[in-house]
>>> print(open('upload-v9.cif').read())   # mmCIF, N, CA and C atoms
data_entry
#
loop_
_atom_site.label_atom_id
_atom_site.label_comp_id
_atom_site.auth_asym_id
_atom_site.auth_seq_id
_atom_site.Cartn_x
_atom_site.Cartn_y
_atom_site.Cartn_z
N MET A 28 5.29 -27.88 -38.08
CA MET A 28 4.75 -27.81 -39.42
C MET A 28 5.83 -28.26 -40.38
N ALA A 29 5.38 -28.74 -41.54
CA ALA A 29 6.35 -29.25 -42.50
C ALA A 29 5.76 -29.23 -43.90
N LEU A 30 6.66 -29.12 -44.85
CA LEU A 30 6.32 -29.23 -46.27
C LEU A 30 7.18 -30.34 -46.86
N LYS A 31 6.53 -31.35 -47.42
CA LYS A 31 7.27 -32.43 -48.06
C LYS A 31 6.93 -32.40 -49.55
N LYS A 32 7.97 -32.35 -50.39
CA LYS A 32 7.76 -32.22 -51.84
C LYS A 32 8.32 -33.43 -52.58
N SER A 33 7.60 -33.83 -53.62
CA SER A 33 8.11 -34.83 -54.57
C SER A 33 7.61 -34.42 -55.95
N TYR A 34 8.41 -34.73 -56.94
CA TYR A 34 8.09 -34.30 -58.30
C TYR A 34 7.72 -35.49 -59.18
N SER A 35 6.85 -35.22 -60.15
CA SER A 35 6.48 -36.25 -61.12
C SER A 35 7.70 -36.55 -62.00
N LYS A 36 7.66 -37.66 -62.71
CA LYS A 36 8.79 -38.06 -63.56
C LYS A 36 9.09 -37.02 -64.62
N ASP A 37 8.05 -36.37 -65.13
CA ASP A 37 8.27 -35.35 -66.17
C ASP A 37 8.58 -33.97 -65.58
N LYS A 38 8.65 -33.89 -64.25
CA LYS A 38 8.99 -32.65 -63.53
C LYS A 38 7.99 -31.51 -63.75
N LYS A 39 6.78 -31.82 -64.21
CA LYS A 39 5.77 -30.79 -64.43
C LYS A 39 4.85 -30.60 -63.22
N THR A 40 4.80 -31.60 -62.36
CA THR A 40 3.93 -31.56 -61.19
C THR A 40 4.74 -31.74 -59.91
N CYS A 41 4.41 -30.93 -58.93
CA CYS A 41 5.04 -31.03 -57.61
C CYS A 41 3.96 -31.45 -56.62
N ASN A 42 4.13 -32.62 -56.02
CA ASN A 42 3.20 -33.09 -55.00
C ASN A 42 3.71 -32.61 -53.65
N VAL A 43 2.91 -31.78 -52.99
CA VAL A 43 3.31 -31.19 -51.71
C VAL A 43 2.39 -31.71 -50.61
N THR A 44 2.99 -32.25 -49.56
CA THR A 44 2.23 -32.63 -48.38
C THR A 44 2.43 -31.52 -47.35
N PHE A 45 1.33 -30.87 -47.01
CA PHE A 45 1.31 -29.81 -46.01
C PHE A 45 0.92 -30.45 -44.68
N THR A 46 1.73 -30.26 -43.65
CA THR A 46 1.46 -30.87 -42.35
C THR A 46 1.52 -29.83 -41.24
N VAL A 47 0.51 -29.86 -40.38
CA VAL A 47 0.47 -29.02 -39.18
C VAL A 47 0.66 -29.96 -38.00
N SER A 48 1.74 -29.76 -37.25
CA SER A 48 2.05 -30.62 -36.11
C SER A 48 1.04 -30.44 -34.99
N PRO A 49 0.96 -31.41 -34.07
CA PRO A 49 0.04 -31.25 -32.93
C PRO A 49 0.36 -29.99 -32.13
N GLU A 50 1.64 -29.65 -31.98
CA GLU A 50 2.03 -28.46 -31.24
C GLU A 50 1.51 -27.20 -31.93
N ALA A 51 1.65 -27.15 -33.24
CA ALA A 51 1.21 -25.98 -34.01
C ALA A 51 -0.32 -25.90 -34.05
N ALA A 52 -0.99 -27.05 -34.06
CA ALA A 52 -2.45 -27.06 -34.11
C ALA A 52 -3.06 -26.54 -32.81
N GLN A 53 -2.33 -26.63 -31.72
CA GLN A 53 -2.76 -26.09 -30.42
C GLN A 53 -4.18 -26.51 -30.05
N GLY A 54 -4.48 -27.79 -30.23
CA GLY A 54 -5.79 -28.31 -29.83
C GLY A 54 -6.91 -28.04 -30.81
N ALA A 55 -6.59 -27.57 -32.00
CA ALA A 55 -7.64 -27.28 -33.00
C ALA A 55 -8.41 -28.55 -33.36
N LYS A 56 -9.68 -28.37 -33.62
CA LYS A 56 -10.54 -29.48 -34.06
C LYS A 56 -10.51 -29.63 -35.58
N THR A 57 -10.37 -28.50 -36.30
CA THR A 57 -10.31 -28.52 -37.76
C THR A 57 -9.20 -27.60 -38.25
N VAL A 58 -8.61 -27.99 -39.38
CA VAL A 58 -7.61 -27.16 -40.04
C VAL A 58 -7.88 -27.22 -41.54
N THR A 59 -7.91 -26.05 -42.17
CA THR A 59 -8.02 -25.98 -43.63
C THR A 59 -6.84 -25.17 -44.13
N ILE A 60 -6.58 -25.27 -45.43
CA ILE A 60 -5.51 -24.50 -46.04
C ILE A 60 -6.12 -23.64 -47.14
N ALA A 61 -5.74 -22.39 -47.17
CA ALA A 61 -6.21 -21.47 -48.19
C ALA A 61 -4.99 -20.87 -48.88
N GLY A 62 -5.07 -20.75 -50.21
CA GLY A 62 -3.93 -20.20 -50.92
C GLY A 62 -4.23 -19.94 -52.38
N ASP A 63 -3.16 -19.57 -53.09
CA ASP A 63 -3.28 -19.29 -54.52
C ASP A 63 -3.88 -20.47 -55.28
N PHE A 64 -3.61 -21.68 -54.82
CA PHE A 64 -4.01 -22.90 -55.53
C PHE A 64 -5.50 -23.22 -55.39
N ASN A 65 -6.23 -22.58 -54.47
CA ASN A 65 -7.67 -22.83 -54.33
C ASN A 65 -8.47 -21.54 -54.20
N SER A 66 -7.96 -20.49 -54.85
CA SER A 66 -8.62 -19.17 -54.85
C SER A 66 -8.86 -18.64 -53.43
N TRP A 67 -7.96 -18.98 -52.53
CA TRP A 67 -8.03 -18.55 -51.13
C TRP A 67 -9.33 -18.96 -50.43
N SER A 68 -9.85 -20.12 -50.82
CA SER A 68 -11.05 -20.65 -50.15
C SER A 68 -10.67 -21.16 -48.77
N SER A 69 -11.41 -20.71 -47.76
CA SER A 69 -11.13 -21.15 -46.39
C SER A 69 -11.84 -22.46 -46.05
N THR A 70 -12.59 -23.02 -47.00
CA THR A 70 -13.33 -24.26 -46.73
C THR A 70 -13.06 -25.38 -47.73
N GLU A 71 -12.51 -25.07 -48.88
CA GLU A 71 -12.37 -26.05 -49.96
C GLU A 71 -11.36 -27.16 -49.70
N THR A 72 -10.31 -26.87 -48.91
CA THR A 72 -9.23 -27.85 -48.75
C THR A 72 -8.96 -28.14 -47.27
N PRO A 73 -9.75 -29.05 -46.69
CA PRO A 73 -9.51 -29.42 -45.29
C PRO A 73 -8.32 -30.37 -45.16
N LEU A 74 -7.63 -30.29 -44.04
CA LEU A 74 -6.57 -31.23 -43.73
C LEU A 74 -7.16 -32.35 -42.89
N LYS A 75 -6.61 -33.55 -43.07
CA LYS A 75 -7.10 -34.72 -42.34
C LYS A 75 -6.30 -34.87 -41.04
N LYS A 76 -7.03 -35.11 -39.96
CA LYS A 76 -6.38 -35.28 -38.66
C LYS A 76 -5.83 -36.69 -38.52
N GLY A 77 -4.56 -36.78 -38.13
CA GLY A 77 -3.92 -38.07 -37.92
C GLY A 77 -4.06 -38.54 -36.48
N LYS A 78 -3.71 -39.79 -36.25
CA LYS A 78 -3.81 -40.36 -34.90
C LYS A 78 -2.91 -39.65 -33.91
N ASP A 79 -1.82 -39.06 -34.41
CA ASP A 79 -0.88 -38.36 -33.53
C ASP A 79 -1.29 -36.92 -33.23
N GLY A 80 -2.44 -36.49 -33.78
CA GLY A 80 -2.92 -35.14 -33.55
C GLY A 80 -2.47 -34.12 -34.58
N SER A 81 -1.67 -34.57 -35.55
CA SER A 81 -1.26 -33.67 -36.64
C SER A 81 -2.34 -33.64 -37.71
N PHE A 82 -2.28 -32.64 -38.58
CA PHE A 82 -3.21 -32.51 -39.70
C PHE A 82 -2.38 -32.45 -40.98
N SER A 83 -2.86 -33.08 -42.06
CA SER A 83 -2.10 -33.02 -43.31
C SER A 83 -3.02 -33.17 -44.52
N VAL A 84 -2.50 -32.68 -45.64
CA VAL A 84 -3.16 -32.83 -46.93
C VAL A 84 -2.08 -32.83 -48.01
N LYS A 85 -2.29 -33.62 -49.06
CA LYS A 85 -1.35 -33.69 -50.18
C LYS A 85 -2.01 -33.04 -51.39
N LEU A 86 -1.32 -32.08 -51.99
CA LEU A 86 -1.83 -31.37 -53.16
C LEU A 86 -0.86 -31.50 -54.32
N SER A 87 -1.39 -31.63 -55.53
CA SER A 87 -0.58 -31.63 -56.75
C SER A 87 -0.59 -30.22 -57.32
N LEU A 88 0.58 -29.61 -57.39
CA LEU A 88 0.71 -28.24 -57.87
C LEU A 88 1.63 -28.21 -59.09
N ASP A 89 1.50 -27.17 -59.90
CA ASP A 89 2.38 -27.02 -61.06
C ASP A 89 3.79 -26.71 -60.60
N ALA A 90 4.76 -27.43 -61.14
CA ALA A 90 6.16 -27.18 -60.81
C ALA A 90 6.61 -25.87 -61.44
N GLY A 91 7.66 -25.28 -60.88
CA GLY A 91 8.20 -24.04 -61.42
C GLY A 91 7.47 -22.79 -60.98
N LYS A 92 6.59 -22.92 -59.99
CA LYS A 92 5.82 -21.78 -59.51
C LYS A 92 5.94 -21.64 -58.00
N GLU A 93 5.59 -20.46 -57.50
CA GLU A 93 5.49 -20.20 -56.07
C GLU A 93 4.03 -20.01 -55.71
N TYR A 94 3.64 -20.54 -54.56
CA TYR A 94 2.26 -20.43 -54.11
C TYR A 94 2.22 -19.85 -52.69
N GLN A 95 1.40 -18.82 -52.49
CA GLN A 95 1.18 -18.27 -51.17
C GLN A 95 0.05 -19.06 -50.51
N PHE A 96 0.15 -19.21 -49.18
CA PHE A 96 -0.90 -19.93 -48.46
C PHE A 96 -0.84 -19.61 -46.98
N ARG A 97 -1.92 -19.98 -46.28
CA ARG A 97 -2.00 -19.91 -44.82
C ARG A 97 -2.95 -21.01 -44.35
N TYR A 98 -2.81 -21.40 -43.10
CA TYR A 98 -3.71 -22.37 -42.48
C TYR A 98 -4.77 -21.63 -41.68
N LEU A 99 -5.98 -22.20 -41.66
CA LEU A 99 -7.07 -21.67 -40.84
C LEU A 99 -7.46 -22.73 -39.82
N LEU A 100 -7.26 -22.43 -38.54
CA LEU A 100 -7.55 -23.36 -37.47
C LEU A 100 -8.91 -23.04 -36.86
N ASP A 101 -9.75 -24.05 -36.79
CA ASP A 101 -11.10 -23.93 -36.20
C ASP A 101 -11.92 -22.79 -36.81
N GLY A 102 -11.65 -22.47 -38.05
CA GLY A 102 -12.43 -21.46 -38.76
C GLY A 102 -12.25 -20.04 -38.27
N SER A 103 -11.26 -19.81 -37.38
CA SER A 103 -11.13 -18.47 -36.83
C SER A 103 -9.70 -17.96 -36.64
N ARG A 104 -8.71 -18.83 -36.65
CA ARG A 104 -7.34 -18.40 -36.37
C ARG A 104 -6.41 -18.74 -37.53
N TRP A 105 -5.83 -17.73 -38.15
CA TRP A 105 -4.91 -17.92 -39.27
C TRP A 105 -3.50 -18.14 -38.76
N GLU A 106 -2.80 -19.09 -39.37
CA GLU A 106 -1.41 -19.39 -38.99
C GLU A 106 -0.58 -19.60 -40.25
N ASN A 107 0.69 -19.20 -40.17
CA ASN A 107 1.64 -19.50 -41.22
C ASN A 107 2.29 -20.84 -40.96
N ASP A 108 2.92 -21.39 -41.98
CA ASP A 108 3.67 -22.62 -41.83
C ASP A 108 5.06 -22.27 -41.32
N TRP A 109 5.46 -22.87 -40.20
CA TRP A 109 6.75 -22.57 -39.59
C TRP A 109 7.92 -23.02 -40.47
N ALA A 110 7.65 -23.91 -41.42
CA ALA A 110 8.71 -24.44 -42.29
C ALA A 110 8.53 -23.99 -43.74
N ALA A 111 7.85 -22.87 -43.96
CA ALA A 111 7.63 -22.38 -45.32
C ALA A 111 8.96 -22.06 -45.99
N ASP A 112 8.96 -22.10 -47.31
CA ASP A 112 10.18 -21.78 -48.06
C ASP A 112 10.56 -20.31 -47.90
N LYS A 113 9.56 -19.45 -47.78
CA LYS A 113 9.79 -18.04 -47.49
C LYS A 113 8.46 -17.42 -47.08
N TYR A 114 8.49 -16.15 -46.72
CA TYR A 114 7.29 -15.40 -46.32
C TYR A 114 7.28 -14.08 -47.09
N ILE A 115 6.08 -13.65 -47.49
CA ILE A 115 5.96 -12.35 -48.15
C ILE A 115 4.77 -11.62 -47.55
N PRO A 116 4.81 -10.28 -47.57
CA PRO A 116 3.68 -9.52 -47.00
C PRO A 116 2.37 -9.83 -47.71
N ALA A 117 1.32 -10.02 -46.94
CA ALA A 117 -0.01 -10.25 -47.49
C ALA A 117 -0.54 -8.94 -48.06
N PRO A 118 -1.19 -8.98 -49.23
CA PRO A 118 -1.65 -7.73 -49.85
C PRO A 118 -2.81 -7.04 -49.13
N PHE A 119 -3.58 -7.78 -48.34
CA PHE A 119 -4.78 -7.19 -47.74
C PHE A 119 -4.76 -7.13 -46.22
N SER A 120 -3.59 -7.37 -45.61
CA SER A 120 -3.50 -7.29 -44.16
C SER A 120 -2.08 -6.92 -43.77
N SER A 121 -1.86 -6.77 -42.49
CA SER A 121 -0.53 -6.40 -42.01
C SER A 121 0.29 -7.63 -41.59
N THR A 122 -0.06 -8.80 -42.12
CA THR A 122 0.65 -10.04 -41.80
C THR A 122 1.40 -10.54 -43.03
N ASP A 123 2.11 -11.63 -42.84
CA ASP A 123 2.80 -12.28 -43.94
C ASP A 123 2.07 -13.55 -44.35
N ASN A 124 2.26 -13.95 -45.60
CA ASN A 124 1.78 -15.24 -46.08
C ASN A 124 2.95 -16.18 -46.20
N SER A 125 2.69 -17.47 -45.99
CA SER A 125 3.70 -18.49 -46.23
C SER A 125 3.80 -18.71 -47.73
N VAL A 126 4.95 -19.17 -48.18
CA VAL A 126 5.17 -19.46 -49.59
C VAL A 126 5.82 -20.82 -49.72
N VAL A 127 5.29 -21.65 -50.64
CA VAL A 127 5.94 -22.90 -51.01
C VAL A 127 6.45 -22.73 -52.44
N ILE A 128 7.70 -23.09 -52.67
CA ILE A 128 8.30 -22.99 -54.00
C ILE A 128 8.37 -24.40 -54.58
N CYS A 129 7.69 -24.59 -55.69
CA CYS A 129 7.66 -25.90 -56.33
C CYS A 129 8.68 -25.99 -57.47
#
>>> encode(input="upload-v9.cif", output="structure tokens")
Amino acid sequence: MALKKSYSKDKKTCNVTFTVSPEAAQGAKTVTIAGDFNSWSSTETPLKKGKDGSFSVKLSLDAGKEYQFRYLLDGSRWENDWAADKYIPAPFSSTDNSVVIC
């Protein structure tokens, strides 16, 4: 998994590419991302599958903020990003959420 960040010229927007590697996807057919940036919707933000078996999506987020998120594989298995900037306890479960710092 990986997070790639680039900033707009005015530094107000952070473009983040979220990538789930083929190894992390573990044969998943679909991957979506849910987080602060999409009201934790498990369906609103699907990742596109690449020829190499990885999944990715590019999102424009406000710079200067932190966003919690998790990946949902095949609509049933939640996973954190192995390369997240940090992890914090999830408020409604006994797991952690991934965090990207923009």
>>> closest_residue(input="upload-v9.cif", among="A:Asp37, A:Asp123, A:Asp101, A:Asp108", to="Gln53 of chain A", atoms="only C-alpha atoms")
A:Asp101
>>> resolve_selection(input="upload-v9.cif", expression="the PyMOL selection byres (((chain A and resi 77-92 and name CA) around 7) and name CA)", output="list in words")
Lys38, Lys39, Thr40, Cys41, Asn42, Val43, Thr44, Phe45, Thr46, Val47, Ser48, Pro49, Val58, Leu74, Lys75, Lys76, Glu93, Tyr94, Ile128 and Cys129 of chain A
>>> select_by_dssp(input="upload-v9.cif", residues="chain A", states="helix (DSSP H, G or I)", output="list in words")
Pro49, Glu50, Ala51, Ala52, Asp63, Phe64 and Asn65 of chain A
>>> resolve_selection(input="upload-v9.cif", expression="the PyMOL selection byres ((chain A and resi 61) around 7)", output="ChimeraX atom specification")
/A:59-60,62-70,72,95-99
>>> select_by_dssp(input="upload-v9.cif", residues="chain A", states="strand (DSSP E or B)", output="number ranges by chain")
A: 29-34, 40-47, 58-62, 73, 75-76, 82-89, 93-100, 104-106, 113-116, 123-128
>>> write_last_selection(input="upload-v9.cif", atoms="N, CA and C atoms", output="compact mmCIF listing (two decimals), in the coordinates of the input")
# COMPACT_ATOMS: atom_id res chain seq x y z
N ALA A 29 5.38 -28.74 -41.54
CA ALA A 29 6.35 -29.25 -42.50
C ALA A 29 5.76 -29.23 -43.90
N LEU A 30 6.66 -29.12 -44.85
CA LEU A 30 6.32 -29.23 -46.27
C LEU A 30 7.18 -30.34 -46.86
N LYS A 31 6.53 -31.35 -47.42
CA LYS A 31 7.27 -32.43 -48.06
C LYS A 31 6.93 -32.40 -49.55
N LYS A 32 7.97 -32.35 -50.39
CA LYS A 32 7.76 -32.22 -51.84
C LYS A 32 8.32 -33.43 -52.58
N SER A 33 7.60 -33.83 -53.62
CA SER A 33 8.11 -34.83 -54.57
C SER A 33 7.61 -34.42 -55.95
N TYR A 34 8.41 -34.73 -56.94
CA TYR A 34 8.09 -34.30 -58.30
C TYR A 34 7.72 -35.49 -59.18
N THR A 40 4.80 -31.60 -62.36
CA THR A 40 3.93 -31.56 -61.19
C THR A 40 4.74 -31.74 -59.91
N CYS A 41 4.41 -30.93 -58.93
CA CYS A 41 5.04 -31.03 -57.61
C CYS A 41 3.96 -31.45 -56.62
N ASN A 42 4.13 -32.62 -56.02
CA ASN A 42 3.20 -33.09 -55.00
C ASN A 42 3.71 -32.61 -53.65
N VAL A 43 2.91 -31.78 -52.99
CA VAL A 43 3.31 -31.19 -51.71
C VAL A 43 2.39 -31.71 -50.61
N THR A 44 2.99 -32.25 -49.56
CA THR A 44 2.23 -32.63 -48.38
C THR A 44 2.43 -31.52 -47.35
N PHE A 45 1.33 -30.87 -47.01
CA PHE A 45 1.31 -29.81 -46.01
C PHE A 45 0.92 -30.45 -44.68
N THR A 46 1.73 -30.26 -43.65
CA THR A 46 1.46 -30.87 -42.35
C THR A 46 1.52 -29.83 -41.24
N VAL A 47 0.51 -29.86 -40.38
CA VAL A 47 0.47 -29.02 -39.18
C VAL A 47 0.66 -29.96 -38.00
N VAL A 58 -8.61 -27.99 -39.38
CA VAL A 58 -7.61 -27.16 -40.04
C VAL A 58 -7.88 -27.22 -41.54
N THR A 59 -7.91 -26.05 -42.17
CA THR A 59 -8.02 -25.98 -43.63
C THR A 59 -6.84 -25.17 -44.13
N ILE A 60 -6.58 -25.27 -45.43
CA ILE A 60 -5.51 -24.50 -46.04
C ILE A 60 -6.12 -23.64 -47.14
N ALA A 61 -5.74 -22.39 -47.17
CA ALA A 61 -6.21 -21.47 -48.19
C ALA A 61 -4.99 -20.87 -48.88
N GLY A 62 -5.07 -20.75 -50.21
CA GLY A 62 -3.93 -20.20 -50.92
C GLY A 62 -4.23 -19.94 -52.38
N PRO A 73 -9.75 -29.05 -46.69
CA PRO A 73 -9.51 -29.42 -45.29
C PRO A 73 -8.32 -30.37 -45.16
N LYS A 75 -6.61 -33.55 -43.07
CA LYS A 75 -7.10 -34.72 -42.34
C LYS A 75 -6.30 -34.87 -41.04
N LYS A 76 -7.03 -35.11 -39.96
CA LYS A 76 -6.38 -35.28 -38.66
C LYS A 76 -5.83 -36.69 -38.52
N PHE A 82 -2.28 -32.64 -38.58
CA PHE A 82 -3.21 -32.51 -39.70
C PHE A 82 -2.38 -32.45 -40.98
N SER A 83 -2.86 -33.08 -42.06
CA SER A 83 -2.10 -33.02 -43.31
C SER A 83 -3.02 -33.17 -44.52
N VAL A 84 -2.50 -32.68 -45.64
CA VAL A 84 -3.16 -32.83 -46.93
C VAL A 84 -2.08 -32.83 -48.01
N LYS A 85 -2.29 -33.62 -49.06
CA LYS A 85 -1.35 -33.69 -50.18
C LYS A 85 -2.01 -33.04 -51.39
N LEU A 86 -1.32 -32.08 -51.99
CA LEU A 86 -1.83 -31.37 -53.16
C LEU A 86 -0.86 -31.50 -54.32
N SER A 87 -1.39 -31.63 -55.53
CA SER A 87 -0.58 -31.63 -56.75
C SER A 87 -0.59 -30.22 -57.32
N LEU A 88 0.58 -29.61 -57.39
CA LEU A 88 0.71 -28.24 -57.87
C LEU A 88 1.63 -28.21 -59.09
N ASP A 89 1.50 -27.17 -59.90
CA ASP A 89 2.38 -27.02 -61.06
C ASP A 89 3.79 -26.71 -60.60
N GLU A 93 5.59 -20.46 -57.50
CA GLU A 93 5.49 -20.20 -56.07
C GLU A 93 4.03 -20.01 -55.71
N TYR A 94 3.64 -20.54 -54.56
CA TYR A 94 2.26 -20.43 -54.11
C TYR A 94 2.22 -19.85 -52.69
N GLN A 95 1.40 -18.82 -52.49
CA GLN A 95 1.18 -18.27 -51.17
C GLN A 95 0.05 -19.06 -50.51
N PHE A 96 0.15 -19.21 -49.18
CA PHE A 96 -0.90 -19.93 -48.46
C PHE A 96 -0.84 -19.61 -46.98
N ARG A 97 -1.92 -19.98 -46.28
CA ARG A 97 -2.00 -19.91 -44.82
C ARG A 97 -2.95 -21.01 -44.35
N TYR A 98 -2.81 -21.40 -43.10
CA TYR A 98 -3.71 -22.37 -42.48
C TYR A 98 -4.77 -21.63 -41.68
N LEU A 99 -5.98 -22.20 -41.66
CA LEU A 99 -7.07 -21.67 -40.84
C LEU A 99 -7.46 -22.73 -39.82
N LEU A 100 -7.26 -22.43 -38.54
CA LEU A 100 -7.55 -23.36 -37.47
C LEU A 100 -8.91 -23.04 -36.86
N ARG A 104 -8.71 -18.83 -36.65
CA ARG A 104 -7.34 -18.40 -36.37
C ARG A 104 -6.41 -18.74 -37.53
N TRP A 105 -5.83 -17.73 -38.15
CA TRP A 105 -4.91 -17.92 -39.27
C TRP A 105 -3.50 -18.14 -38.76
N GLU A 106 -2.80 -19.09 -39.37
CA GLU A 106 -1.41 -19.39 -38.99
C GLU A 106 -0.58 -19.60 -40.25
N LYS A 113 9.56 -19.45 -47.78
CA LYS A 113 9.79 -18.04 -47.49
C LYS A 113 8.46 -17.42 -47.08
N TYR A 114 8.49 -16.15 -46.72
CA TYR A 114 7.29 -15.40 -46.32
C TYR A 114 7.28 -14.08 -47.09
N ILE A 115 6.08 -13.65 -47.49
CA ILE A 115 5.96 -12.35 -48.15
C ILE A 115 4.77 -11.62 -47.55
N PRO A 116 4.81 -10.28 -47.57
CA PRO A 116 3.68 -9.52 -47.00
C PRO A 116 2.37 -9.83 -47.71
N ASP A 123 2.11 -11.63 -42.84
CA ASP A 123 2.80 -12.28 -43.94
C ASP A 123 2.07 -13.55 -44.35
N ASN A 124 2.26 -13.95 -45.60
CA ASN A 124 1.78 -15.24 -46.08
C ASN A 124 2.95 -16.18 -46.20
N SER A 125 2.69 -17.47 -45.99
CA SER A 125 3.70 -18.49 -46.23
C SER A 125 3.80 -18.71 -47.73
N VAL A 126 4.95 -19.17 -48.18
CA VAL A 126 5.17 -19.46 -49.59
C VAL A 126 5.82 -20.82 -49.72
N VAL A 127 5.29 -21.65 -50.64
CA VAL A 127 5.94 -22.90 -51.01
C VAL A 127 6.45 -22.73 -52.44
N ILE A 128 7.70 -23.09 -52.67
CA ILE A 128 8.30 -22.99 -54.00
C ILE A 128 8.37 -24.40 -54.58
>>> resolve_selection(input="upload-v9.cif", expression="the PyMOL selection byres ((chain A and resi 115) around 8)", output="list of chain:residue names")
A:Gln95, A:Lys113, A:Tyr114, A:Pro116, A:Ala117, A:Pro118, A:Thr122, A:Asp123, A:Asn124, A:Ser125, A:Val126
>>> atom_distance(input="upload-v9.cif", atom1="atom CA of Ala111 of chain A", atom2="atom C of Ser33 of chain A")
16.1 Å
>>> atom_distance(input="upload-v9.cif", atom1="atom N of Leu100 of chain A", atom2="atom CA of Ala52 of chain A")
8.0 Å
